[in-house]
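**Student:** Okay, handing you the structure first.
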Amino acid sequence: MNSDGSCKDNGIAGCGGLIRGSDGEWLGDFAKHIGSGSAYVAELCGMLEGLKLARKVGISSYRSECGLFVGG
């Protein structure tokens, strides 16, 4: 599963992602308007939506990647 989320300067956030099989084949994707939020919220919502999609298509074992970075 690959997911990503973003937030514009005005606080409008969204997320999206896709799920591929072990051979790289497309199994599903998603995109969601979150509304008001931060980049962190958008990234986490992307992970949650991806997990929901994985469950919906019957995937029980997966590897997830996202762009969430918490820097110091």
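Following the order of the structure tokens, first chain is A, next is B, and so on, with residues numbered from 1 inside each chain and ligands from 1 in the order they appear.
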Once DSSP has gone over the backbone, tell me which residues of chain A are in alpha helix (DSSP H), as a list in words.

**Tutor:** Ala39, Tyr40, Val41, Ala42, Glu43, Leu44, Cys45, Gly46, Met47, Leu48, Glu49, Gly50, Leu51, Lys52, Leu53, Ala54, Arg55 and Lys56 of chain A

**Student:** Residues near region 23-27 of chain A, anyone? I mean within 12 Å using only C-alpha atoms, not counting same-chain ones fewer than 2 positions away, as JSON, numbers by chain.

**Tutor:** {"A": [1, 2, 17, 18, 19, 20, 21, 29, 30, 50, 53, 54, 55, 56, 57, 58, 59]}

**Student:** Which residue is closest to Met47 (chain A)? Choose from A:Cys15, A:Ser60, A:Ser22, A:Cys7 and count only C-alpha atoms.

**Tutor:** A:Cys15

**Student:** Using DSSP on the backbone coordinates, identify all residues within chain A classified as strand (DSSP E or B); present the result as a list in words.

**Tutor:** Asn2, Ser3, Asp4, Gly5, Ser6, Cys7, Ile12, Ala13, Gly14, Cys15, Gly16, Gly17, Leu18, Ile19, Arg20, Trp26, Leu27, Gly28, Asp29, Phe30, Ala31, Lys32, His33, Ile34, Gly35, Ser36, Glu65 and Cys66 of chain A

**Student:** Would you mind listing what lies within 10 Å of Ala39 (chain A) as a ChimeraX atom specification, with only C-alpha atoms counted and same-chain residues fewer than 6 positions away left out?

**Tutor:** /A:4-9,11-15,45,68-69

**Student:** Write the residues of the preceding selection, restricted to C-alpha atoms, as a CSV table (one decimal), in the first residue's frame.

**Tutor:**
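Printed below is result.csv as written:
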```
chain,number,residue,atom,x,y,z
A,4,ASP,CA,-0.1,10.2,0.8
A,5,GLY,CA,-1.8,13.2,2.2
A,6,SER,CA,-1.3,16.9,1.8
A,7,CYS,CA,-2.6,20.2,3.2
A,8,LYS,CA,-2.7,23.5,1.4
A,9,ASP,CA,-1.8,26.8,3.1
A,11,GLY,CA,-5.8,24.2,5.8
A,12,ILE,CA,-7.7,22.2,3.1
A,13,ALA,CA,-6.5,18.6,3.3
A,14,GLY,CA,-6.9,15.4,1.3
A,15,CYS,CA,-5.3,12.0,0.8
A,45,CYS,CA,-6.1,9.6,7.1
A,68,LEU,CA,4.8,11.1,6.8
A,69,PHE,CA,7.9,12.8,8.2
```

**Student:** For a quick check of understanding, using only C-alpha atoms, which of A:Ala31, A:Gly37, A:Tyr62, A:Leu48 has the smallest distance to Asn10 (chain A)?

**Tutor:**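 Once distances to Asn10 (chain A) are computed over only C-alpha atoms, the minimum belongs to A:Gly37.
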
**Student:** Enter the distance from CA of Gly35 (chain A) to CA of Glu49 (chain A), in Å, rounded to one decimal.

**Tutor:** 14.8 Å
